[in-house]
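Enquirer: Here you go, one structure.
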Amino acid sequence: MTGKRLFIHSVFLFLLPILVAWYGISVAGAVVLVMLALAWRWMITLSGIIAPEKIPDLELETIAASHFVEKVRWCMDRLGIEYSERQWVGVLGVFSMGRSVPELKIRTGLVRSRIGNSPEILRYLWGAYAAELGDRARFLEPTAERLALEKRLDRYGRDLQVWVYYHVLNDRKLTQHAWGCNSPSIPAWQRYLVIAAFPVLRALLRKAFSITEGHYAKAVQHIETLLAETDALLADGRVSILGDESINYVDITFAALSALWLQPPEFGRGKADAVRVDRQRAPAAMRADIERWVESYPRASGFITALYQSERQA
């Protein structure tokens, strides 16, 4: 496969200076090695044209427990399009290669494109399938009002990341479980690497998300403001948060992101069962926040539960 060939070639390039120094290869010999490496790289390119890698047309790279992944996964499932999902463990991708999830890979002939960030992926899905699927894709239509709410909801999703890491990072086993270290769907080398590197990854996360008492308090304030406003909007019994006649992608976004704290059984539609953290396993302070939100915002939490039950049965 082209990807594996490129990986082997990259490893060789990293080892090349060591080989030159180890064996005392002359300048002329080093030049020959470089020319051979360039020829090798060209052959890999040719192999991708002559015998292209058998890869899916759509591949979604994910962390199973990610609420932003769930937002995209849900919309793709609702469209009814075929795609494969490739799961990574925890935060390995972002801290090793600077790649966050979700990331959608699209194959068009010999061309392979990548789209990151959930809003951009949903815009691609709308553009790619609106004409082909018609009414089935209508829920993805990005009106000005929906885009404005989606922007606020994505901020809510980032605040929830601060909230969850504030509560779970001190529990090593619980965090590793949520990252997928017990999931057979994730390559063993990734799981073992994350377990070994956990202290470093935890420190990086604390820095990246600014996990402090003050930031946690601000995140909770933002979360509760959004939940209160949504709860008020739903008071008139509307089907959709924005008052539409049927649900759209911002309703799905709200439900998917909120699943990080409500943890409905249908989360992931069977693809996240190995990483779910049931409420009874959560730290006491985390459970207290969840129970307060369920009690204080019954219409919002009921909306999330009902949407999952009606749409996300495995």
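Chain labels follow the order of the structure tokens: the first chain is A, the next B, and so on; residue numbering restarts at 1 in every chain, and ligands are counted from 1 in their shown order.
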Using only C-alpha atoms, which protein or nucleic acid residues come within 9 Å of range 80-94 of chain A? Drop anything in the same chain fewer than 3 positions from it, and give the result as a count of residues only.

Expert: 37

Enquirer: So how far away is CA of Val162 in chain A from CA of Phe198 in chain A, in Å?

Expert: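 Between CA of Phe198 in chain A and CA of Val162 in chain A the gap works out to 17.8 Å.
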
Enquirer: To test your reading of the structure, identify every residue in range 65-276 of chain A that backbone DSSP assigns to strand (DSSP E or B), and report it as a ChimeraX atom specification.

Expert: /A:84-88,103-108,111-116

Enquirer: May I have the residues within 12 Å of Trp40 in chain A as a PyMOL selection string, using only C-alpha atoms and disregarding those fewer than 2 positions away in the same chain?

Expert: chain A and resi 5-6+8-10+12-13+33-38+42-47

Enquirer: Go ahead and save the picked residues with C-alpha atoms, as a PDB file, in the first residue's frame.

Expert:
ATOM      1  CA  ARG A   5       5.635   2.508   1.344  1.00  0.00           C
ATOM      2  CA  LEU A   6       5.809   6.209   2.177  1.00  0.00           C
ATOM      3  CA  ILE A   8       9.111   3.037   5.202  1.00  0.00           C
ATOM      4  CA  HIS A   9      10.700   5.635   2.925  1.00  0.00           C
ATOM      5  CA  SER A  10      10.342   8.317   5.623  1.00  0.00           C
ATOM      6  CA  PHE A  12      14.865   5.451   5.801  1.00  0.00           C
ATOM      7  CA  LEU A  13      15.356   9.216   5.349  1.00  0.00           C
ATOM      8  CA  LEU A  33      22.403   7.318  -1.398  1.00  0.00           C
ATOM      9  CA  VAL A  34      20.428  10.541  -1.757  1.00  0.00           C
ATOM     10  CA  MET A  35      19.911   9.905  -5.485  1.00  0.00           C
ATOM     11  CA  LEU A  36      18.729   6.383  -4.704  1.00  0.00           C
ATOM     12  CA  ALA A  37      16.301   7.743  -2.087  1.00  0.00           C
ATOM     13  CA  LEU A  38      14.911  10.215  -4.641  1.00  0.00           C
ATOM     14  CA  TRP A  42       9.621   8.526  -7.530  1.00  0.00           C
ATOM     15  CA  MET A  43       8.897   4.793  -7.820  1.00  0.00           C
ATOM     16  CA  ILE A  44       6.423   5.084  -4.935  1.00  0.00           C
ATOM     17  CA  THR A  45       4.638   7.881  -6.828  1.00  0.00           C
ATOM     18  CA  LEU A  46       4.533   5.747  -9.985  1.00  0.00           C
ATOM     19  CA  SER A  47       3.205   2.766  -8.049  1.00  0.00           C
TER      20      SER A  47
END

Enquirer: Any idea what's packed within 12 Å of Leu133 in chain A, counting only C-alpha atoms, ignoring anything in its chain fewer than 5 positions away? Could you give it as a VMD selection string?

Expert: chain A and resid 78 to 81 125 to 128 138 to 140

Enquirer: Find the spatial neighbours of Thr253 in chain A, counting only C-alpha atoms, within a cut-off of 8 Å - ignore same-chain residues fewer than 3 positions away - and output them as a PyMOL selection string.

Expert: chain A and resi 71+150+153+249-250+256-257

Enquirer: Write the residues you've just listed into a file as a PDB file, in the first residue's frame, and include N, CA and C atoms for each of them.

Expert:
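So the final result, stored in selection-v9.pdb, reads:
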ATOM      1  N   LYS A  71     -20.751  14.424  16.046  1.00  0.00           N
ATOM      2  CA  LYS A  71     -21.501  15.392  15.228  1.00  0.00           C
ATOM      3  C   LYS A  71     -21.415  15.028  13.749  1.00  0.00           C
ATOM      4  N   GLU A 150     -24.397  27.337  15.129  1.00  0.00           N
ATOM      5  CA  GLU A 150     -23.348  26.314  15.108  1.00  0.00           C
ATOM      6  C   GLU A 150     -22.052  26.857  15.701  1.00  0.00           C
ATOM      7  N   LEU A 153     -22.399  26.758  19.344  1.00  0.00           N
ATOM      8  CA  LEU A 153     -22.385  25.376  19.826  1.00  0.00           C
ATOM      9  C   LEU A 153     -20.976  24.792  19.814  1.00  0.00           C
ATOM     10  N   TYR A 249     -28.987  20.154  11.137  1.00  0.00           N
ATOM     11  CA  TYR A 249     -27.673  19.784  11.669  1.00  0.00           C
ATOM     12  C   TYR A 249     -27.308  20.498  12.966  1.00  0.00           C
ATOM     13  N   VAL A 250     -27.917  21.666  13.253  1.00  0.00           N
ATOM     14  CA  VAL A 250     -27.591  22.300  14.528  1.00  0.00           C
ATOM     15  C   VAL A 250     -28.262  21.574  15.696  1.00  0.00           C
ATOM     16  N   ALA A 256     -25.183  15.932  19.877  1.00  0.00           N
ATOM     17  CA  ALA A 256     -23.908  15.210  19.822  1.00  0.00           C
ATOM     18  C   ALA A 256     -22.904  15.776  20.819  1.00  0.00           C
ATOM     19  N   LEU A 257     -22.793  17.098  20.888  1.00  0.00           N
ATOM     20  CA  LEU A 257     -21.840  17.709  21.805  1.00  0.00           C
ATOM     21  C   LEU A 257     -22.263  17.496  23.255  1.00  0.00           C
TER      22      LEU A 257
END

Enquirer: Please provide as a PyMOL selection string all residues within 10 Å of range 258-263 of chain A, with the sequence filter that same-chain residues fewer than 5 positions apart are discarded (counting only C-alpha atoms).

Expert: chain A and resi 65-68+70-71+153+156-157+160-161+163-164+223+227+252-253+268+276-279+286-287+289-291+293-294+300-301+304-305+308

Enquirer: Please report the interatomic distance between CA of Ser296 in chain A and CA of Ala144 in chain A in Å with one decimal.

Expert: 29.7 Å

Enquirer: Just the residues within 8 Å of range 235-245 of chain A, please, counting only C-alpha atoms, with nothing from its chain fewer than 4 positions along; format it as a PyMOL selection string.

Expert: chain A and resi 146+230-231+250-251+299

Enquirer: Just how far from CA of Pro142 in chain A is CA of Leu122 in chain A, in Å to one decimal?

Expert: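 Result for CA of Leu122 in chain A versus CA of Pro142 in chain A: 8.9 Å, one decimal.
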
Enquirer: From a backbone DSSP assignment, name each residue in range 199-262 of chain A labelled alpha helix (DSSP H), as a ChimeraX atom specification.

Expert: /A:199-208,213-233,249-262

Enquirer: Keeping only C-alpha atoms, write the selected residues to a file as a JSON list (two decimals), in the first residue's frame.

Expert:
[["chain", "number", "residue", "atom", "x", "y", "z"],
["A", 199, "PRO", "CA", 2.16, 11.56, 32.18],
["A", 200, "VAL", "CA", 3.55, 13.59, 29.25],
["A", 201, "LEU", "CA", 0.22, 13.63, 27.38],
["A", 202, "ARG", "CA", -1.62, 14.68, 30.54],
["A", 203, "ALA", "CA", 0.80, 17.58, 31.07],
["A", 204, "LEU", "CA", 0.42, 18.67, 27.44],
["A", 205, "LEU", "CA", -3.37, 18.55, 27.73],
["A", 206, "ARG", "CA", -3.38, 20.62, 30.90],
["A", 207, "LYS", "CA", -1.32, 23.24, 29.06],
["A", 208, "ALA", "CA", -3.24, 23.08, 25.75],
["A", 213, "GLU", "CA", -9.88, 26.19, 38.54],
["A", 214, "GLY", "CA", -10.53, 29.57, 36.95],
["A", 215, "HIS", "CA", -10.86, 28.26, 33.41],
["A", 216, "TYR", "CA", -13.09, 25.43, 34.59],
["A", 217, "ALA", "CA", -15.39, 27.92, 36.34],
["A", 218, "LYS", "CA", -15.63, 30.05, 33.17],
["A", 219, "ALA", "CA", -16.29, 26.95, 31.03],
["A", 220, "VAL", "CA", -19.13, 25.84, 33.34],
["A", 221, "GLN", "CA", -20.62, 29.35, 33.21],
["A", 222, "HIS", "CA", -20.59, 29.29, 29.39],
["A", 223, "ILE", "CA", -22.05, 25.78, 29.32],
["A", 224, "GLU", "CA", -24.89, 26.65, 31.66],
["A", 225, "THR", "CA", -25.69, 29.85, 29.75],
["A", 226, "LEU", "CA", -26.04, 27.88, 26.51],
["A", 227, "LEU", "CA", -28.12, 25.17, 28.19],
["A", 228, "ALA", "CA", -30.41, 27.74, 29.82],
["A", 229, "GLU", "CA", -31.01, 29.55, 26.52],
["A", 230, "THR", "CA", -31.69, 26.30, 24.69],
["A", 231, "ASP", "CA", -34.01, 25.11, 27.44],
["A", 232, "ALA", "CA", -35.98, 28.35, 27.14],
["A", 233, "LEU", "CA", -36.27, 28.03, 23.36],
["A", 249, "TYR", "CA", -27.67, 19.78, 11.67],
["A", 250, "VAL", "CA", -27.59, 22.30, 14.53],
["A", 251, "ASP", "CA", -30.05, 20.14, 16.50],
["A", 252, "ILE", "CA", -27.75, 17.19, 15.83],
["A", 253, "THR", "CA", -24.75, 19.29, 16.82],
["A", 254, "PHE", "CA", -26.34, 20.24, 20.14],
["A", 255, "ALA", "CA", -27.28, 16.63, 20.91],
["A", 256, "ALA", "CA", -23.91, 15.21, 19.82],
["A", 257, "LEU", "CA", -21.84, 17.71, 21.80],
["A", 258, "SER", "CA", -24.08, 17.39, 24.88],
["A", 259, "ALA", "CA", -23.63, 13.62, 24.81],
["A", 260, "LEU", "CA", -20.21, 14.22, 26.35],
["A", 261, "TRP", "CA", -21.93, 14.93, 29.67],
["A", 262, "LEU", "CA", -25.31, 13.18, 29.30]]
